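See structure below.
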Amino acid sequence: SNEEASISAPLFVTWFQCLLTCVICIVLGHLGEITRNNGSKSILDDFPVVKFEGEKLVKMLPLSLIFVGMITFNNLCLQYVEVSFYNVARCLSLVFNVIFTYLVLGKSTNLITCSTLIVVIAGFVLGINGEIDFSLVGTSAGILSSVFVSLNSIFTSRMLPVVDNDKSMLLFYNNMNATILFVPLIFMFEFQIISDASDKLFSSFFWLSMTITGIMGFAIGLVTVMQVKATSPLTHNISGTAKAAVQSLMAFYIWGNQATTQGILGILLVIFGSGLYTWVQMMSATPVPKN
């Protein structure tokens, strides 16, 4: 919100974050090599030296296209809807996750789990009816973002073997592709905005803020891959939905968004449906003890 640290060009900001992520992966890889050569153990041991391979970059392209779509439609959603409505607009990621888990991974979900999604869908419908400043464009972008969020976690799981299950190498190749894919989008949609704010491009405070957010972006990306690798695409989407739910409730206090009875009920149904979905999934995954 600081005018000196912001620019109304989310694609450009994301492009810089992706570029910085690639640089961080390279730097951490070299530092990790130094510690390994010295025979000392540290957290840097988990970061291998980045060796660019064009074949892997091409194989990672489907995930990168999904990633760019996810970020683009997510930003469009936030641009047109209130932050408090964001969770409702994005809540269908659980529904799409079940669909794409079956279509892409060939894994089916039991009927009881699927029935909990009815609660989430009901919350989505109520949230739309209760939104005072309803935006069809923003809500549509939220639905498309949900599609890409689900595909992103699924394809992250599928693409890990391409980089020998190395989370930092997946981050590097995915973000390298994204830096290329974002360029034409920036020229099409944000070139004029960046030109009008060209004075900020010479501000050290602006680039310091951009670098800090870039480091945060790297950390979020790393944790995302770690979570998908350690658990499942479904678990990642559940935690993301829970985070968005808390974010929506906080928005009423922080941003002072107007609330309606239907709007609040829609958010609560989405939270309850997501929690119920999580509980059913946990119960179905817990082995039944033998008598």
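As shown in the structure tokens, the chain order sets the letters A, B, ...; within each chain, residues go from 1, and ligands are also counted from 1 in the order they appear.
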How close does each residue of region 84-161 of chain A get to region 166-172 of chain A, giving the shortest atom pair and distance in Å to one decimal for every residue with an atom at most 12 Å away, counting only C-alpha atoms, sorted by chain and residue number, as a tab-separated table?
```
residue	atom	partner	partner_atom	distance
A:Phe155	CA	A:Leu170	CA	11.2
A:Thr156	CA	A:Leu170	CA	8.3
A:Ser157	CA	A:Leu170	CA	10.4
A:Arg158	CA	A:Leu170	CA	11.0
A:Met159	CA	A:Leu170	CA	7.7
A:Leu160	CA	A:Leu170	CA	6.6
A:Pro161	CA	A:Asp166	CA	8.0
```
Output of the above residues as a short mmCIF file (atom, residue, chain, number, x, y, z; two decimals), in the first residue's frame, restricted to all heavy atoms:
```
data_model
loop_
_atom_site.label_atom_id
_atom_site.label_comp_id
_atom_site.auth_asym_id
_atom_site.auth_seq_id
_atom_site.Cartn_x
_atom_site.Cartn_y
_atom_site.Cartn_z
N PHE A 155 0.01 -31.26 -11.12
CA PHE A 155 1.14 -31.33 -12.04
C PHE A 155 2.48 -31.16 -11.31
O PHE A 155 3.50 -31.66 -11.80
CB PHE A 155 1.00 -30.28 -13.15
CG PHE A 155 0.22 -30.77 -14.33
CD1 PHE A 155 -1.16 -30.81 -14.31
CD2 PHE A 155 0.87 -31.23 -15.47
CE1 PHE A 155 -1.89 -31.28 -15.39
CE2 PHE A 155 0.16 -31.71 -16.56
CZ PHE A 155 -1.23 -31.74 -16.53
N THR A 156 2.48 -30.48 -10.17
CA THR A 156 3.69 -30.42 -9.35
C THR A 156 4.09 -31.82 -8.92
O THR A 156 5.26 -32.21 -8.97
CB THR A 156 3.48 -29.52 -8.11
OG1 THR A 156 3.26 -28.18 -8.53
CG2 THR A 156 4.68 -29.56 -7.19
N SER A 157 3.08 -32.60 -8.50
CA SER A 157 3.32 -33.99 -8.10
C SER A 157 3.82 -34.82 -9.28
O SER A 157 4.72 -35.65 -9.14
CB SER A 157 2.03 -34.60 -7.54
OG SER A 157 2.22 -35.93 -7.12
N ARG A 158 3.26 -34.56 -10.47
CA ARG A 158 3.65 -35.33 -11.66
C ARG A 158 5.03 -34.96 -12.18
O ARG A 158 5.75 -35.80 -12.72
CB ARG A 158 2.63 -35.11 -12.78
CG ARG A 158 1.31 -35.83 -12.60
CD ARG A 158 0.46 -35.76 -13.84
NE ARG A 158 1.05 -36.51 -14.94
CZ ARG A 158 0.51 -36.59 -16.16
NH1 ARG A 158 -0.62 -35.98 -16.42
NH2 ARG A 158 1.09 -37.28 -17.10
N MET A 159 5.42 -33.70 -12.00
CA MET A 159 6.67 -33.21 -12.59
C MET A 159 7.89 -33.45 -11.70
O MET A 159 9.02 -33.30 -12.15
CB MET A 159 6.55 -31.71 -12.91
CG MET A 159 5.61 -31.41 -14.05
SD MET A 159 6.16 -32.17 -15.60
CE MET A 159 4.71 -31.92 -16.63
N LEU A 160 7.68 -33.77 -10.43
CA LEU A 160 8.81 -34.00 -9.54
C LEU A 160 9.78 -35.07 -10.06
O LEU A 160 11.00 -34.90 -9.97
CB LEU A 160 8.31 -34.36 -8.14
CG LEU A 160 8.02 -33.18 -7.21
CD1 LEU A 160 7.23 -33.62 -5.98
CD2 LEU A 160 9.31 -32.47 -6.79
N PRO A 161 9.28 -36.20 -10.62
CA PRO A 161 10.22 -37.21 -11.16
C PRO A 161 11.10 -36.69 -12.30
O PRO A 161 12.20 -37.20 -12.51
CB PRO A 161 9.29 -38.32 -11.65
CG PRO A 161 8.05 -38.18 -10.84
CD PRO A 161 7.89 -36.70 -10.64
#
```
If we count only C-alpha atoms, what is near Phe148 (chain A) at a cut-off of 9 Å, once residues fewer than 5 positions away on the same chain are taken out, given as a count of residues only? 11
Using DSSP on the backbone, list every residue of region 38-136 of chain A that comes out as helix (DSSP H, G or I), and give them as a ChimeraX atom specification. /A:43-46,54-59,61-80,83-90,93-105,111-130,136
Spatial neighbours of region 135-140 of chain A, 10 Å, only C-alpha atoms, chain gap at least 5 places, as a list in words: Phe73, Asn74, Asn75, Leu76, Cys77, Leu78, Gln79, Tyr80, Val81, Glu82, Phe85, Tyr86, Val88, Ala89, Arg90, Ile128, Ser145 and Ser146 of chain A
Which residues, written as a PyMOL selection string, have at least one atom at most 9 Å from region 193-197 of chain A, with only C-alpha atoms counted and residues fewer than 4 positions away on the same chain left out? chain A and resi 7-9+12+189+201
Could you write out the selected residues, including all heavy atoms, as a PDB file, in the first residue's frame?
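Saved as part-v5.pdb:
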```pdb
ATOM      1  N   ILE A   7       3.561  -0.755  -7.518  1.00  0.00           N
ATOM      2  CA  ILE A   7       3.273  -0.394  -8.897  1.00  0.00           C
ATOM      3  C   ILE A   7       2.105  -1.267  -9.341  1.00  0.00           C
ATOM      4  O   ILE A   7       2.054  -2.459  -9.018  1.00  0.00           O
ATOM      5  CB  ILE A   7       4.507  -0.618  -9.803  1.00  0.00           C
ATOM      6  CG1 ILE A   7       4.218  -0.160 -11.231  1.00  0.00           C
ATOM      7  CG2 ILE A   7       4.967  -2.064  -9.785  1.00  0.00           C
ATOM      8  CD1 ILE A   7       5.457  -0.163 -12.119  1.00  0.00           C
ATOM      9  N   SER A   8       1.141  -0.665 -10.000  1.00  0.00           N
ATOM     10  CA  SER A   8      -0.080  -1.380 -10.366  1.00  0.00           C
ATOM     11  C   SER A   8       0.151  -2.278 -11.578  1.00  0.00           C
ATOM     12  O   SER A   8      -0.488  -2.155 -12.616  1.00  0.00           O
ATOM     13  CB  SER A   8      -1.212  -0.383 -10.670  1.00  0.00           C
ATOM     14  OG  SER A   8      -2.415  -1.080 -10.914  1.00  0.00           O
ATOM     15  N   ALA A   9       1.114  -3.178 -11.438  1.00  0.00           N
ATOM     16  CA  ALA A   9       1.459  -4.116 -12.513  1.00  0.00           C
ATOM     17  C   ALA A   9       1.799  -5.463 -11.889  1.00  0.00           C
ATOM     18  O   ALA A   9       2.963  -5.843 -11.804  1.00  0.00           O
ATOM     19  CB  ALA A   9       2.634  -3.568 -13.323  1.00  0.00           C
ATOM     20  N   PHE A  12       4.160  -7.881 -13.748  1.00  0.00           N
ATOM     21  CA  PHE A  12       5.564  -7.476 -13.716  1.00  0.00           C
ATOM     22  C   PHE A  12       6.195  -7.830 -12.375  1.00  0.00           C
ATOM     23  O   PHE A  12       7.327  -8.326 -12.318  1.00  0.00           O
ATOM     24  CB  PHE A  12       5.683  -5.965 -13.968  1.00  0.00           C
ATOM     25  CG  PHE A  12       7.066  -5.415 -13.743  1.00  0.00           C
ATOM     26  CD1 PHE A  12       8.087  -5.677 -14.645  1.00  0.00           C
ATOM     27  CD2 PHE A  12       7.344  -4.639 -12.625  1.00  0.00           C
ATOM     28  CE1 PHE A  12       9.372  -5.182 -14.439  1.00  0.00           C
ATOM     29  CE2 PHE A  12       8.618  -4.131 -12.411  1.00  0.00           C
ATOM     30  CZ  PHE A  12       9.635  -4.406 -13.325  1.00  0.00           C
ATOM     31  N   PHE A 189      -0.434  -6.151 -21.463  1.00  0.00           N
ATOM     32  CA  PHE A 189      -1.358  -5.611 -20.476  1.00  0.00           C
ATOM     33  C   PHE A 189      -0.771  -4.556 -19.545  1.00  0.00           C
ATOM     34  O   PHE A 189      -1.522  -3.786 -18.943  1.00  0.00           O
ATOM     35  CB  PHE A 189      -1.929  -6.756 -19.622  1.00  0.00           C
ATOM     36  CG  PHE A 189      -2.689  -7.784 -20.403  1.00  0.00           C
ATOM     37  CD1 PHE A 189      -2.185  -9.063 -20.565  1.00  0.00           C
ATOM     38  CD2 PHE A 189      -3.907  -7.471 -20.994  1.00  0.00           C
ATOM     39  CE1 PHE A 189      -2.884 -10.016 -21.295  1.00  0.00           C
ATOM     40  CE2 PHE A 189      -4.615  -8.411 -21.718  1.00  0.00           C
ATOM     41  CZ  PHE A 189      -4.104  -9.696 -21.875  1.00  0.00           C
ATOM     42  N   LEU A 201      11.254   2.846 -11.119  1.00  0.00           N
ATOM     43  CA  LEU A 201      12.257   1.868 -11.533  1.00  0.00           C
ATOM     44  C   LEU A 201      13.669   2.323 -11.165  1.00  0.00           C
ATOM     45  O   LEU A 201      14.609   1.536 -11.231  1.00  0.00           O
ATOM     46  CB  LEU A 201      12.162   1.627 -13.047  1.00  0.00           C
ATOM     47  CG  LEU A 201      10.813   1.096 -13.568  1.00  0.00           C
ATOM     48  CD1 LEU A 201      10.871   0.901 -15.068  1.00  0.00           C
ATOM     49  CD2 LEU A 201      10.449  -0.215 -12.873  1.00  0.00           C
TER      50      LEU A 201
END
```
Would you mind reading off the distance between CA of Met176 (chain A) and CA of Phe218 (chain A), one decimal, in Å? 12.6 Å
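Our summary of the geometry notes that CA of Val120 (chain A) is positioned 16.3 Å from CA of Val149 (chain A).
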I want to know what sits within 12 Å of Ala251 (chain A), based on only C-alpha atoms, with residues of the same chain fewer than 2 positions away left out; could you give that as a ChimeraX atom specification? /A:81-87,244-249,253-259,264,267
Grab the CA of Gln262 (chain A) to CA of Phe124 (chain A) distance for me, in Å with one decimal place. 10.4 Å
Which of these, A:Thr72, A:Tyr173, A:Gln192, A:Lys200, has the shortest distance to Ala141 (chain A) once you count only C-alpha atoms? A:Thr72
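Of the listed residues A:Leu144, A:Ile154, A:Leu105, A:Val49, the one whose atoms come nearest to His30 (chain A) is A:Val49, with distances taken using only C-alpha atoms.
If only C-alpha atoms are the atoms counted, then among A:Asn97, A:Asn129, A:Ser6, A:Thr179 the closest residue to Thr260 (chain A) is A:Asn129.
With only C-alpha atoms as the basis for measurement, A:Gly214 is the residue among A:Leu44, A:Asp133, A:Gly214, A:Lys107 that approaches Thr21 (chain A) most closely.
For the set A:Val95, A:Asn174, A:Val13, A:Leu61, the residue with the smallest atom-to-atom gap to Leu222 (chain A) is A:Asn174, counting only C-alpha atoms.
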With only C-alpha atoms counted and 10 Å as the cut-off, give the residues of region 124-243 of chain A in contact with region 14-18 of chain A, each with its shortest interatomic distance in Å and the pair that gives it, as a Markdown table.
```
| residue | atom | partner | partner_atom | distance |
| --- | --- | --- | --- | --- |
| A:Leu171 | CA | A:Cys18 | CA | 9.1 |
| A:Phe172 | CA | A:Cys18 | CA | 8.7 |
| A:Asn174 | CA | A:Cys18 | CA | 8.6 |
| A:Asn175 | CA | A:Cys18 | CA | 5.0 |
| A:Met176 | CA | A:Cys18 | CA | 7.0 |
| A:Asn177 | CA | A:Cys18 | CA | 9.0 |
| A:Ala178 | CA | A:Cys18 | CA | 6.7 |
| A:Thr179 | CA | A:Trp15 | CA | 5.5 |
| A:Ile180 | CA | A:Trp15 | CA | 8.6 |
| A:Leu181 | CA | A:Trp15 | CA | 9.0 |
| A:Phe182 | CA | A:Trp15 | CA | 6.2 |
| A:Val183 | CA | A:Trp15 | CA | 7.7 |
| A:Ile186 | CA | A:Trp15 | CA | 8.6 |
| A:Trp207 | CA | A:Phe16 | CA | 10.0 |
| A:Met210 | CA | A:Phe16 | CA | 7.7 |
| A:Thr211 | CA | A:Gln17 | CA | 7.6 |
| A:Ile212 | CA | A:Gln17 | CA | 9.3 |
| A:Thr213 | CA | A:Gln17 | CA | 7.2 |
| A:Gly214 | CA | A:Gln17 | CA | 4.2 |
| A:Ile215 | CA | A:Gln17 | CA | 7.5 |
| A:Met216 | CA | A:Gln17 | CA | 8.7 |
| A:Gly217 | CA | A:Gln17 | CA | 6.3 |
| A:Phe218 | CA | A:Gln17 | CA | 7.4 |
| A:Gly221 | CA | A:Cys18 | CA | 9.7 |
```
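Restricting the calculation to only C-alpha atoms, the smallest distance between Leu11 (chain A) and any of A:Cys114, A:Val125, A:Leu185, A:Val23 is found for A:Leu185.
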